[in-house]
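Q: Questions regarding the structure given below will be posed in turn.
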Amino acid sequence: MKRLFTGWSWIPWLTYGAAAGLSVALVLIAGGSPAASARALIESSVLSAPALGESLSRLTGILFSALAAVLAFRGGVLNIGIEGQFLMGGIAAAAIGPMTGLGAASMPLALLASALAGALACLPAAWLSESRGVPPVLSTILLNLVFAAAVTWAVRGPLRDPAGDYPQSRPIPDEQAISTMVPGTRITPAPFLALAAAAGLAVFLWKTSPGLKLRAAGDSPLAAKSAGLSDVKIRTWVFLGSGGLAGLGGGLEVLSVTRRLYDPFATGTGYSGIAAALLGATDPLGAILSSFFLAALGAGSRAMEREAGVPAAIATIIPALAVLAVLTHRAWRERGQ
Amino acid sequence: MAPGRIHALLGENGAGKSTLVAIASGQLRPDTADILRDGRAVTWTSPRQARAEGVTLVPQHDLLVDNATVAENLALLDPMAPFFESKRKRRDRVARAESLFGLPLPPPEDLASSLPVGSRQRVEIAGALLTGPSVLILDEPTAVLSPPEVQTLLQALRTLSESGTAVLVITHRLAEVFEAADDLTVLCRGETVLTRRVEEVTPPEVAALILAGSEGGSRDEVMAGLSETDSRKIEPPRRAATSGQLEEDLVLEVRALATLDSKVPSASLELKPGEALTLLAIDGNGADSFAAAIAGLRPATGSVRVAGAPVALGDPGSYHDAGGAVIPADRRLEGLFPNLTLTENFAVSDRRRGFWLTRKSLEEDARARMSRFSIRASGPEARTRELSGGNQQKVLLARALTPLPKLLIAIHPSRGLDLGSSASVRGFLRDALEEGTAVLIVTSDPDEARLLGAPIRVMYRGRLSRVLDPETPVAELGRYMAGLAE
Amino acid sequence: MPGILETTLLLSVPLLLAAAGELVLERSGSLQIGMEGTMLTGAFVAFAIVHAGKSPGAGLWGAVAAGLLSGALFALFAIVLRADPILTGTAWNLLAAGSTAFGYELIAGKTGAVLELPSLPVVVMGLPWAGLAAFAFPVILHIFFSRTRPGLVLGAAGETPMAVRAQGYSVAGVRSLASLFSGALSGAGGAVLTLSISHTFVEGLTAGRGFLALGIVVFARWRPLALLPATLLVAGATALQYRLQAGGSTQIPYAVFIALPSLLSLAALAVATSRRGAPKALGTPAP
């Protein structure tokens with residue numbers, strides 16, 4: 001009991017309370033009723049098949065981005081470039097179908113290409129980090145802007161749909177796309193693929209030897225050397241794997257949700273993924289929960305805006321506040337040691 | 001301390017020298033202290049206050065700003081520097097500092113990062129003199145200098161003290177004390193054991209006093225703390241090499257190894273299976289760098305072969321592939337994975353493991369190692385950061401010695417451990433030796449080196465001494481460590 | 001239509017302000033990647049104040065105040081509480097994006113029309129006085145770092161924090177002050193963007209300018225005077241892109257200009273041997 005007070009261990013919990021309180025305050029400021037807002041939010045995110053479909057369609061991109069962040073952070077790589085790697089995956093998926101003309105067979109190829117594109121998008125940052133000592137944070141942030149520009153170029157140049165008035169890519173035809181499984185909803189196999197990837201990543205991290213080595217190198221690169229591991233090699237693989245997951249997310253977004261690439265594309269998904277990873281305790285299974293929370297918040301916030309008059313942007317504010325609370329909690333825990 | 005005199009402060013690592021001067025200069029706050037300054041009690045809570053009272057510390061590792069010029073660094077060190085200052089005024093300060101110190105300083109516009117370590121130190125000392133100290137404290141100023149540089153520095157300090165400054169110098173080198181100091185104080189475990197004028201004592205007396213105190217001043221206690229295993233002596237390698245097979249039979253073969261931090265210019269040694277060697281050295285003489293470089297943890301040039309296989313320098317993987325294992329100097333920073341569990345810390349470098357890790361086999365393995373190495377923890381799922389220092393070290397031993405490597409390099413394996421833990425660490429090293437593992441140990445503690453019972457080579461300024469018998473008296477070992485014998 | 005030179009100068013102002021602020025913060029050893037969020041906050045606050053009928057000058061000062069508050073929050077989380085600065089910055093960007101969109105919706109959501117705002121008064125060359133100040137900052141900072149004692153101390157905090165501590169200063173204190181300064185400047189940059197460039201506010205108005213400011217600091221290799229050419233190059237590329245777009249020319253892909261600033265910064269990182277110029281203690285916690 002004494003430690004409870006002398007250690008100030010209750011302070012971090014205050015931040016969670018503050019985050020929740022601020023969120024409710026925002027609803028009140030907007031003139032909404034918290035109860036009505038919550039009802040609108042829940043009804044239009046999980047309580048009907050179309051609503052669930054909407055949430056699940058948002059889940060795919062966020063969860064893959066979150067998994068990319070989990071892998072990177074566990075391996076000790078601050079990959080802030082998930083946003084850009086996601087976009088490169090999207091470009092690859094939008095390009096493969098029309099370019100190969102393979103019909104239905106192009107879909108798996110498109111997914112492979114998007115994962116590859118995401119991984120390749122990490123290479124400059126990995127090289128700069130290991131051979132030039134450039135912090136990955138700086139290089140990946142700058143690459144985000146470059147890849148956003150790549151989308152701008154792609155939809156106005158090589159991928160442009162000649163039929164449309166807007167700069168966007170040609171639509172993915174039905175046979176090449178990942179279509180709905182339940183008629184009348186947007187429920188596709190894509191979010192289930194994301195769930196499977198999360199389970200796979202969890203098994204990899206906790207049950208395999210390479211996964212252990214990766215976590216070890218992330219925990220202490222110096223100790224990894226003493227244990228005979230090559231931390232440079234591990235970090236490079238972590239970078240590529242993280243980019244691959246992000247790229248796959250972008251590819252699935254194009255094939256199953258938007259069916260086209262346009263500009264700007266899925267802004268903020270990569271950053272939401274980072275938030276979801278942190279809220280999910282940097283654990284793939286935790287990331288499923290937090291990603292679904294973020295996705296449902298995004299899906300339900302539109303209804304909340306319509307029915308309770310609370311701006312939909314609250315769906316971005318709540319996770320951000322929660323992340324700040326988590327970060328404070330973490331810092332506090334580490335300070336005690 | 002008296003004005004106009006040079007006072008030397010001596011003591012083993014951890015005797016409290018740096019803490020004492022940190023308190024005296026206001027860097028640390030004491031729990032209790034009486035600091036008398038000109039006969040009146042003073043307290044200060046910051047380095048600024050101490051400096052205002054005329055007490056200035058020159059730290060062991062200089063704190064120059066690399067990206068700044070000599071002139072800028074001196075401006076930073078000068079508390080009287082005005083808010084705004086022209087380049088010319090800053091150059092003038094360099095000239096002023098030069099005349100205060102009496103030694104030439106590098107050009108004012110040179111970047112600190114471009115200076116050799118000796119010049120950096122001159123800038124740091126000159127900066128300390130700008131405050132006009134009546135008490136100047138220098139923490140191991142000669143550790144990084146070449147012999148001619150040491151001479152120049154000592155002469156300059158002598159001139160300073162003759163002009164009325166009281167100078168306190170921390171050092172490990174007895175030769176310098178007897179050459180340059182007027183008085184000396186020996187510190188042991190935070191207590192003063194001797195304060196004398198230099199003329200009144202001889203170097204061997206002081207060396208014996210310093211080294212005797214390193215294990216608490218009670219050698220009986222040390223002897224009593226020896227476990228049964230400690231009475232075992234290390235046997236010469238059983239498999240004596242026949243002349244023709246000499247090359248293949250070496251487990252470690254180091255040729256002309258030079259570390260990139262230039263602490264070790266070129267050193268060679270060899271070990272046979274089941275053979276042990278203790279590298280004894282005062283910190284900063286390159287023994288840590290040398291051993292870490294063999295294990296691939298630091299960049300180096302030269303050649304290293306482990307069990308006949310060439311090891312790629314700077315690649316710890318290649319050293320481990322050849323059959324080596326290492327216990328690094330700083331167990332928390334470079335040894336353990338603090339947020340991983342015991343089982344994970346063991347499994348991570350276990351080359352017998354396949355792709356899949358099953359909880360059951362991991363746990364069995366962890367429990368076996370915990371009982372074999374008597375590791376006390378709440379269970380195999382405890383995080384290693386929660387363990388005590390002695391148990392953390394045993395975790396590293398259990399990791400490095402299971403399965404038995406051909407070669408183990410252990411850098412300060414018992415540093416910071418209590419007597420019981422140190423004894424059991426020595427026991428495990430001996431067990432490994434008996435099983436045929438070759439062991440290279442680095443320590444800075446001559447008692448420890450003697451207790452290990454293996455042949456000793458002392459490293460002084462990157463050079464290895466001849467092989468010494470483990471029965472060599474501590475005072476004699478001290479002479480080698482202080483560079484008084486070769 | 002203003003000339004390409006005037007456009008370049010005007011577009012430089014927000015980048016220059018944010019980059020100058022970030023440079024000071026990074027030289028003190030702290031890395032804030034939430035400049036984007038701080039600029040956006042400043043841009044929104046300026047919009048809200050002017051929309052409420054106050055003068056553009058009041059909007060600018062309001063943005064500065066909002067920036068100071070952002071800087072104080074970053075200092076609290078990342079410097080005092082020692083939360084991971086990179087992740088704090090990421091969360092801050094999200095929070096700013098969300099709350100400015102939220103606020104904008106509350107103020108302007110019902111109308112649906114673009115709200116045109118009065119501009120900051122132009123002093124010379126199409127620049128408001130805050131713009132002139134922006135061009136003065138690199139010079140002021142150069143003098144600050146090379147000729148003043150606080151400048152030396154701040155630079156030392158990012159290079160050799162222990163030296164600052166040995167002088168009896170608090171490294172966290174120095175970095176927190178730098179964070180306040182950097183917040184104020186980024187907030188002002190956002191205000192100029194709203195009041196002198198776009199003349200209105202939209203969601204995500206800053207469009208990556210905060211990240212570009214980070215790149216400019218790297219491109220300038222942390223030297224204040226080098227901010228000027230680096231920013232002018234970036235802003236010039238943007239101005240040229242506007243001109244080409246307006247002229248309907250498609251010879252050079254428009255995306256090249258968008259990517260150019262980042263590519264230049266990346267090239268600067270790749271070419272430089274080691275991290276010369278980067279503060280050595282950048283991103284490490286205060287001792």
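Ordering of the structure tokens sets the chain letters (A, B, ...), residue numbers begin anew at 1 in every chain, and ligands are numbered from 1 in the order given.
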Could you pull out all residues of region 274-320 of chain A with a DSSP call of alpha helix (DSSP H) and give them as an MDAnalysis selection string?
A: chainID A and resid 274:279 284:308 314:320
Q: Please, which residues in chain A fall within 7 Å of chain B when counting only C-alpha atoms, and what is the closest atom pair and distance in Å to one decimal for each, ordered by chain then residue number, as a Markdown table?
A:
```
| residue | atom | partner | partner_atom | distance |
| --- | --- | --- | --- | --- |
| A:Lys207 | CA | B:Leu357 | CA | 5.0 |
| A:Thr208 | CA | B:Trp356 | CA | 4.4 |
| A:Ser209 | CA | B:Phe355 | CA | 5.1 |
| A:Leu212 | CA | B:Val348 | CA | 6.3 |
| A:Lys213 | CA | B:Val348 | CA | 5.8 |
| A:Ala216 | CA | B:Phe337 | CA | 6.2 |
| A:Asp219 | CA | B:Phe337 | CA | 5.9 |
| A:Ser220 | CA | B:Phe337 | CA | 5.8 |
| A:Leu222 | CA | B:Glu334 | CA | 4.7 |
| A:Ala223 | CA | B:Glu334 | CA | 4.2 |
| A:Lys225 | CA | B:Pro316 | CA | 5.7 |
| A:Ser226 | CA | B:Gly335 | CA | 6.2 |
| A:Ala227 | CA | B:Ser349 | CA | 5.5 |
| A:Gly228 | CA | B:Gly317 | CA | 4.5 |
| A:Leu229 | CA | B:Gly317 | CA | 5.4 |
| A:Ser230 | CA | B:Gly317 | CA | 5.9 |
```
Q: Those residues you just picked out, can you put them in a file as a short mmCIF file (atom, residue, chain, number, x, y, z; two decimals), in the first residue's frame with N, CA, C and O atoms?
A:
```cif
data_model
loop_
_atom_site.label_atom_id
_atom_site.label_comp_id
_atom_site.auth_asym_id
_atom_site.auth_seq_id
_atom_site.Cartn_x
_atom_site.Cartn_y
_atom_site.Cartn_z
N LYS A 207 6.50 -18.26 -31.04
CA LYS A 207 6.69 -19.71 -31.07
C LYS A 207 7.84 -20.19 -31.95
O LYS A 207 8.04 -21.40 -32.07
N THR A 208 8.52 -19.28 -32.61
CA THR A 208 9.60 -19.76 -33.48
C THR A 208 10.93 -19.13 -33.07
O THR A 208 10.97 -18.08 -32.43
N SER A 209 11.97 -19.80 -33.50
CA SER A 209 13.32 -19.38 -33.18
C SER A 209 13.67 -18.03 -33.83
O SER A 209 14.17 -17.13 -33.15
N LEU A 212 11.98 -15.26 -31.94
CA LEU A 212 12.65 -14.96 -30.67
C LEU A 212 13.88 -14.10 -30.91
O LEU A 212 14.13 -13.12 -30.21
N LYS A 213 14.66 -14.48 -31.94
CA LYS A 213 15.88 -13.72 -32.22
C LYS A 213 15.54 -12.28 -32.58
O LYS A 213 16.23 -11.34 -32.18
N ALA A 216 14.65 -10.45 -29.49
CA ALA A 216 15.86 -10.23 -28.69
C ALA A 216 16.66 -9.06 -29.26
O ALA A 216 17.08 -8.17 -28.51
N ASP A 219 15.04 -5.95 -28.32
CA ASP A 219 15.13 -5.62 -26.90
C ASP A 219 16.48 -5.01 -26.58
O ASP A 219 16.58 -4.05 -25.83
N SER A 220 17.55 -5.55 -27.14
CA SER A 220 18.89 -5.02 -26.88
C SER A 220 19.83 -5.42 -28.00
O SER A 220 20.32 -6.55 -28.02
N LEU A 222 22.86 -4.64 -28.49
CA LEU A 222 24.20 -4.97 -27.99
C LEU A 222 24.23 -6.40 -27.43
O LEU A 222 25.16 -7.16 -27.69
N ALA A 223 23.19 -6.74 -26.67
CA ALA A 223 23.13 -8.09 -26.12
C ALA A 223 23.00 -9.10 -27.25
O ALA A 223 23.53 -10.22 -27.15
N LYS A 225 24.44 -9.00 -30.11
CA LYS A 225 25.80 -9.27 -30.59
C LYS A 225 26.50 -10.25 -29.65
O LYS A 225 27.13 -11.20 -30.10
N SER A 226 26.38 -10.00 -28.36
CA SER A 226 27.05 -10.88 -27.40
C SER A 226 26.51 -12.30 -27.49
O SER A 226 27.21 -13.25 -27.18
N ALA A 227 25.23 -12.43 -27.88
CA ALA A 227 24.65 -13.77 -28.00
C ALA A 227 24.96 -14.37 -29.37
O ALA A 227 24.45 -15.43 -29.71
N GLY A 228 25.76 -13.67 -30.17
CA GLY A 228 26.18 -14.23 -31.45
C GLY A 228 25.20 -14.00 -32.58
O GLY A 228 25.28 -14.66 -33.61
N LEU A 229 24.28 -13.05 -32.42
CA LEU A 229 23.34 -12.76 -33.50
C LEU A 229 23.86 -11.57 -34.31
O LEU A 229 24.51 -10.69 -33.77
N SER A 230 23.52 -11.55 -35.59
CA SER A 230 23.89 -10.40 -36.40
C SER A 230 22.72 -9.42 -36.37
O SER A 230 21.72 -9.59 -37.05
#
```
Q: Which chain A residues have any atom within 8 Å of an atom of chain C, and for each, what is the nearest pair of atoms with distance in Å to one decimal, counting only C-alpha atoms, rows sorted by chain and number, as CSV?
A:
```
residue,atom,partner,partner_atom,distance
A:Ala30,CA,C:Leu106,CA,6.7
A:Leu128,CA,C:Ala270,CA,6.4
A:Arg132,CA,C:Ser274,CA,5.5
A:Gly133,CA,C:Ser274,CA,6.1
A:Val134,CA,C:Leu269,CA,6.8
A:Val137,CA,C:Ile86,CA,7.7
A:Leu138,CA,C:Gly215,CA,7.6
A:Ser139,CA,C:Leu266,CA,6.6
A:Ile141,CA,C:Phe211,CA,6.9
A:Leu142,CA,C:Ser262,CA,5.3
A:Leu143,CA,C:Ser262,CA,7.0
A:Leu145,CA,C:Ala259,CA,6.4
A:Val146,CA,C:Ala259,CA,4.7
A:Phe147,CA,C:Ala259,CA,8.0
A:Ala149,CA,C:Ala255,CA,5.1
A:Ala150,CA,C:Ala255,CA,6.7
A:Thr152,CA,C:Ala255,CA,5.9
A:Trp153,CA,C:Ala255,CA,5.1
A:Tyr271,CA,C:Thr90,CA,7.3
A:Ala275,CA,C:Ala91,CA,7.2
A:Pro311,CA,C:Phe102,CA,5.5
A:Ala312,CA,C:Phe102,CA,7.2
A:Ala313,CA,C:Gly98,CA,5.0
A:Ile314,CA,C:Gly98,CA,6.3
A:Ala315,CA,C:Gly98,CA,7.5
A:Thr316,CA,C:Gly98,CA,4.9
A:Ile317,CA,C:Gly98,CA,4.9
A:Ala320,CA,C:Leu95,CA,5.1
A:Leu321,CA,C:Leu95,CA,6.8
A:Val323,CA,C:Ala91,CA,6.3
A:Leu324,CA,C:Ala91,CA,6.4
A:Leu327,CA,C:Ala83,CA,5.5
A:Thr328,CA,C:Ala83,CA,5.6
A:Arg330,CA,C:Ala83,CA,7.2
A:Ala331,CA,C:Ala83,CA,4.9
A:Trp332,CA,C:Leu81,CA,7.2
```
Q: With only C-alpha atoms counted and 8 Å as the cut-off, give the residues of chain B in contact with chain C, each with its shortest interatomic distance in Å and the pair that gives it, as a tab-separated table.
A:
```
residue	atom	partner	partner_atom	distance
B:Gln27	CA	C:Ala166	CA	6.7
B:Ser46	CA	C:Gly168	CA	5.8
B:Pro47	CA	C:Gly168	CA	5.4
B:Arg48	CA	C:Gly168	CA	5.5
B:Leu63	CA	C:Ala163	CA	5.0
B:Leu64	CA	C:Ala163	CA	6.9
B:Val65	CA	C:Thr160	CA	5.7
B:Asp66	CA	C:Glu159	CA	7.1
B:Asn67	CA	C:Glu159	CA	7.3
B:Glu72	CA	C:Leu152	CA	7.2
B:Ala75	CA	C:Arg149	CA	7.4
B:Leu76	CA	C:Leu152	CA	6.3
B:Leu77	CA	C:Gln167	CA	7.3
B:Pro79	CA	C:Gln167	CA	8.0
B:Ala81	CA	C:Arg149	CA	7.0
B:Pro82	CA	C:Arg149	CA	6.8
B:Phe83	CA	C:Arg149	CA	5.1
B:Phe84	CA	C:Thr148	CA	4.5
B:Glu85	CA	C:Arg147	CA	5.3
B:Ser86	CA	C:Arg147	CA	6.1
B:Lys87	CA	C:Arg147	CA	7.2
```
Q: So which bits of region 418-450 of chain B end up strand (DSSP E or B) when you DSSP the backbone, as a list in words?
A: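 Across region 418-450 of chain B, those assigned strand (DSSP E or B) are Ala438, Val439, Leu440, Ile441, Val442 and Thr443 of chain B.
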Q: Within 9 Å of Ala281 (chain A), counting only C-alpha atoms, which residues qualify if same-chain residues fewer than 6 places away don't, as a list in words?
A: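 Those residues are Val70, Ala287 and Val326 of chain A.
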Q: What's the separation between CA of Val474 (chain B) and CA of Pro265 (chain B), in Å to one decimal place?
A: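 Result for CA of Val474 (chain B) versus CA of Pro265 (chain B): 26.9 Å, one decimal.
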Q: Grab the CA of Pro203 (chain B) to CA of Glu476 (chain B) distance for me, in Å with one decimal place.
A: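 Going from CA of Pro203 (chain B) over to CA of Glu476 (chain B) covers 11.2 Å.
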Q: May I have the residues within 7 Å of region 40-49 of chain C as a count of residues only, using only C-alpha atoms and disregarding those fewer than 6 positions away in the same chain?
A: 19
Q: Just the residues within 9 Å of Ser18 (chain B), please, counting only C-alpha atoms, with nothing from its chain fewer than 2 positions along; format it as a PDB file with all heavy atoms, in the first residue's frame.
A:
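Saved result, result_17.pdb, follows:
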```
ATOM      1  N   GLY B  14      36.120   1.697  -7.877  1.00  0.00           N
ATOM      2  CA  GLY B  14      35.019   1.513  -6.944  1.00  0.00           C
ATOM      3  C   GLY B  14      35.358   1.890  -5.527  1.00  0.00           C
ATOM      4  O   GLY B  14      34.563   1.697  -4.621  1.00  0.00           O
ATOM      5  N   ALA B  15      36.556   2.444  -5.316  1.00  0.00           N
ATOM      6  CA  ALA B  15      36.919   2.833  -3.953  1.00  0.00           C
ATOM      7  C   ALA B  15      36.230   4.127  -3.546  1.00  0.00           C
ATOM      8  O   ALA B  15      36.194   4.469  -2.370  1.00  0.00           O
ATOM      9  CB  ALA B  15      38.437   2.994  -3.839  1.00  0.00           C
ATOM     10  N   GLY B  16      35.694   4.849  -4.532  1.00  0.00           N
ATOM     11  CA  GLY B  16      34.939   6.055  -4.206  1.00  0.00           C
ATOM     12  C   GLY B  16      35.646   7.345  -4.575  1.00  0.00           C
ATOM     13  O   GLY B  16      35.228   8.411  -4.162  1.00  0.00           O
ATOM     14  N   LEU B  20      33.875  10.968  -4.556  1.00  0.00           N
ATOM     15  CA  LEU B  20      34.381  11.999  -3.639  1.00  0.00           C
ATOM     16  C   LEU B  20      34.590  13.315  -4.378  1.00  0.00           C
ATOM     17  O   LEU B  20      34.149  14.371  -3.922  1.00  0.00           O
ATOM     18  CB  LEU B  20      35.689  11.523  -2.997  1.00  0.00           C
ATOM     19  CG  LEU B  20      36.311  12.507  -2.016  1.00  0.00           C
ATOM     20  CD1 LEU B  20      35.442  12.654  -0.793  1.00  0.00           C
ATOM     21  CD2 LEU B  20      37.713  12.080  -1.623  1.00  0.00           C
ATOM     22  N   VAL B  21      35.253  13.256  -5.530  1.00  0.00           N
ATOM     23  CA  VAL B  21      35.525  14.518  -6.213  1.00  0.00           C
ATOM     24  C   VAL B  21      34.247  15.092  -6.828  1.00  0.00           C
ATOM     25  O   VAL B  21      34.105  16.302  -6.957  1.00  0.00           O
ATOM     26  CB  VAL B  21      36.633  14.385  -7.287  1.00  0.00           C
ATOM     27  CG1 VAL B  21      37.938  14.026  -6.630  1.00  0.00           C
ATOM     28  CG2 VAL B  21      36.252  13.410  -8.362  1.00  0.00           C
ATOM     29  N   ALA B  22      33.297  14.226  -7.172  1.00  0.00           N
ATOM     30  CA  ALA B  22      32.028  14.730  -7.699  1.00  0.00           C
ATOM     31  C   ALA B  22      31.296  15.521  -6.624  1.00  0.00           C
ATOM     32  O   ALA B  22      30.693  16.561  -6.891  1.00  0.00           O
ATOM     33  CB  ALA B  22      31.157  13.583  -8.194  1.00  0.00           C
ATOM     34  N   ILE B  23      31.383  15.058  -5.392  1.00  0.00           N
ATOM     35  CA  ILE B  23      30.751  15.798  -4.293  1.00  0.00           C
ATOM     36  C   ILE B  23      31.512  17.102  -4.048  1.00  0.00           C
ATOM     37  O   ILE B  23      30.930  18.175  -3.939  1.00  0.00           O
ATOM     38  CB  ILE B  23      30.716  14.934  -3.007  1.00  0.00           C
ATOM     39  CG1 ILE B  23      29.718  13.788  -3.188  1.00  0.00           C
ATOM     40  CG2 ILE B  23      30.339  15.784  -1.804  1.00  0.00           C
ATOM     41  CD1 ILE B  23      29.743  12.779  -2.075  1.00  0.00           C
ATOM     42  N   PRO B  59      36.797  16.558 -15.544  1.00  0.00           N
ATOM     43  CA  PRO B  59      36.328  15.168 -15.491  1.00  0.00           C
ATOM     44  C   PRO B  59      37.255  14.228 -16.256  1.00  0.00           C
ATOM     45  O   PRO B  59      38.052  14.650 -17.085  1.00  0.00           O
ATOM     46  CB  PRO B  59      34.946  15.231 -16.137  1.00  0.00           C
ATOM     47  CG  PRO B  59      34.965  16.463 -16.966  1.00  0.00           C
ATOM     48  CD  PRO B  59      35.926  17.412 -16.322  1.00  0.00           C
ATOM     49  N   GLN B  60      37.095  12.939 -15.958  1.00  0.00           N
ATOM     50  CA  GLN B  60      37.972  11.926 -16.550  1.00  0.00           C
ATOM     51  C   GLN B  60      37.822  11.887 -18.068  1.00  0.00           C
ATOM     52  O   GLN B  60      38.785  11.877 -18.807  1.00  0.00           O
ATOM     53  CB  GLN B  60      37.616  10.567 -15.954  1.00  0.00           C
ATOM     54  CG  GLN B  60      38.506   9.458 -16.453  1.00  0.00           C
ATOM     55  CD  GLN B  60      38.158   8.140 -15.779  1.00  0.00           C
ATOM     56  OE1 GLN B  60      37.290   8.085 -14.920  1.00  0.00           O
ATOM     57  NE2 GLN B  60      38.824   7.094 -16.173  1.00  0.00           N
ATOM     58  N   ASP B 139      40.477  14.352 -12.666  1.00  0.00           N
ATOM     59  CA  ASP B 139      40.149  12.934 -12.539  1.00  0.00           C
ATOM     60  C   ASP B 139      40.894  12.153 -13.610  1.00  0.00           C
ATOM     61  O   ASP B 139      40.590  12.273 -14.794  1.00  0.00           O
ATOM     62  CB  ASP B 139      38.624  12.757 -12.678  1.00  0.00           C
ATOM     63  CG  ASP B 139      38.167  11.369 -12.235  1.00  0.00           C
ATOM     64  OD1 ASP B 139      39.037  10.498 -12.023  1.00  0.00           O
ATOM     65  OD2 ASP B 139      36.950  11.169 -12.113  1.00  0.00           O
ATOM     66  N   ILE B 170      43.642  12.542  -9.412  1.00  0.00           N
ATOM     67  CA  ILE B 170      43.321  11.123  -9.235  1.00  0.00           C
ATOM     68  C   ILE B 170      44.160  10.348 -10.229  1.00  0.00           C
ATOM     69  O   ILE B 170      44.243  10.725 -11.400  1.00  0.00           O
ATOM     70  CB  ILE B 170      41.850  10.854  -9.522  1.00  0.00           C
ATOM     71  CG1 ILE B 170      40.975  11.583  -8.512  1.00  0.00           C
ATOM     72  CG2 ILE B 170      41.564   9.354  -9.496  1.00  0.00           C
ATOM     73  CD1 ILE B 170      39.518  11.285  -8.665  1.00  0.00           C
TER      74      ILE B 170
END
```
Q: Region 440-453 of chain B: which residues within 8 Å, counting only C-alpha atoms, same-chain residues fewer than 4 positions away excluded, as a PyMOL selection string?
A: chain B and resi 211+214-215+230+233-234+276-283+287-288+291+407-413+426+470-472+474+477-478
Q: Rounded to one decimal, what separation in Å do you get between CA of Arg415 (chain B) and CA of Ala329 (chain B)?
A: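 Pair CA of Arg415 (chain B) / CA of Ala329 (chain B) returns 8.3 Å.
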Q: With only C-alpha atoms as the counted atoms, please give the residues lying no more than 12 Å from Asp283 (chain A), apart from itself and same-chain residues fewer than 6 positions off, as a ChimeraX atom specification.
A: /A:63,66-74,198-206,215,274,276-277,289-291
Q: For the residues in the current selection, export C-alpha atoms as a CSV table (one decimal), in the first residue's frame.
A:
```csv
chain,number,residue,atom,x,y,z
A,63,LEU,CA,-4.7,-4.2,-39.1
A,66,ALA,CA,-0.7,-2.3,-37.3
A,67,LEU,CA,1.0,-5.7,-37.9
A,68,ALA,CA,3.7,-3.9,-39.9
A,69,ALA,CA,4.3,-1.6,-36.9
A,70,VAL,CA,4.2,-4.5,-34.4
A,71,LEU,CA,6.9,-6.4,-36.3
A,72,ALA,CA,9.0,-3.3,-36.7
A,73,PHE,CA,8.8,-2.1,-33.1
A,74,ARG,CA,9.4,-5.6,-31.8
A,198,ALA,CA,-2.1,-11.5,-37.2
A,199,ALA,CA,-2.4,-15.1,-35.9
A,200,GLY,CA,0.6,-16.0,-38.1
A,201,LEU,CA,2.6,-13.1,-36.9
A,202,ALA,CA,1.8,-14.0,-33.3
A,203,VAL,CA,2.9,-17.6,-33.8
A,204,PHE,CA,6.1,-16.4,-35.6
A,205,LEU,CA,7.0,-14.0,-32.8
A,206,TRP,CA,6.2,-16.2,-29.8
A,215,ARG,CA,12.5,-9.8,-30.4
A,274,ILE,CA,1.0,2.7,-35.6
A,276,ALA,CA,-3.4,0.5,-33.2
A,277,ALA,CA,-0.1,-1.3,-32.6
A,289,LEU,CA,-8.7,-5.7,-30.9
A,290,SER,CA,-7.3,-2.2,-31.2
A,291,SER,CA,-7.5,-2.2,-35.0
```
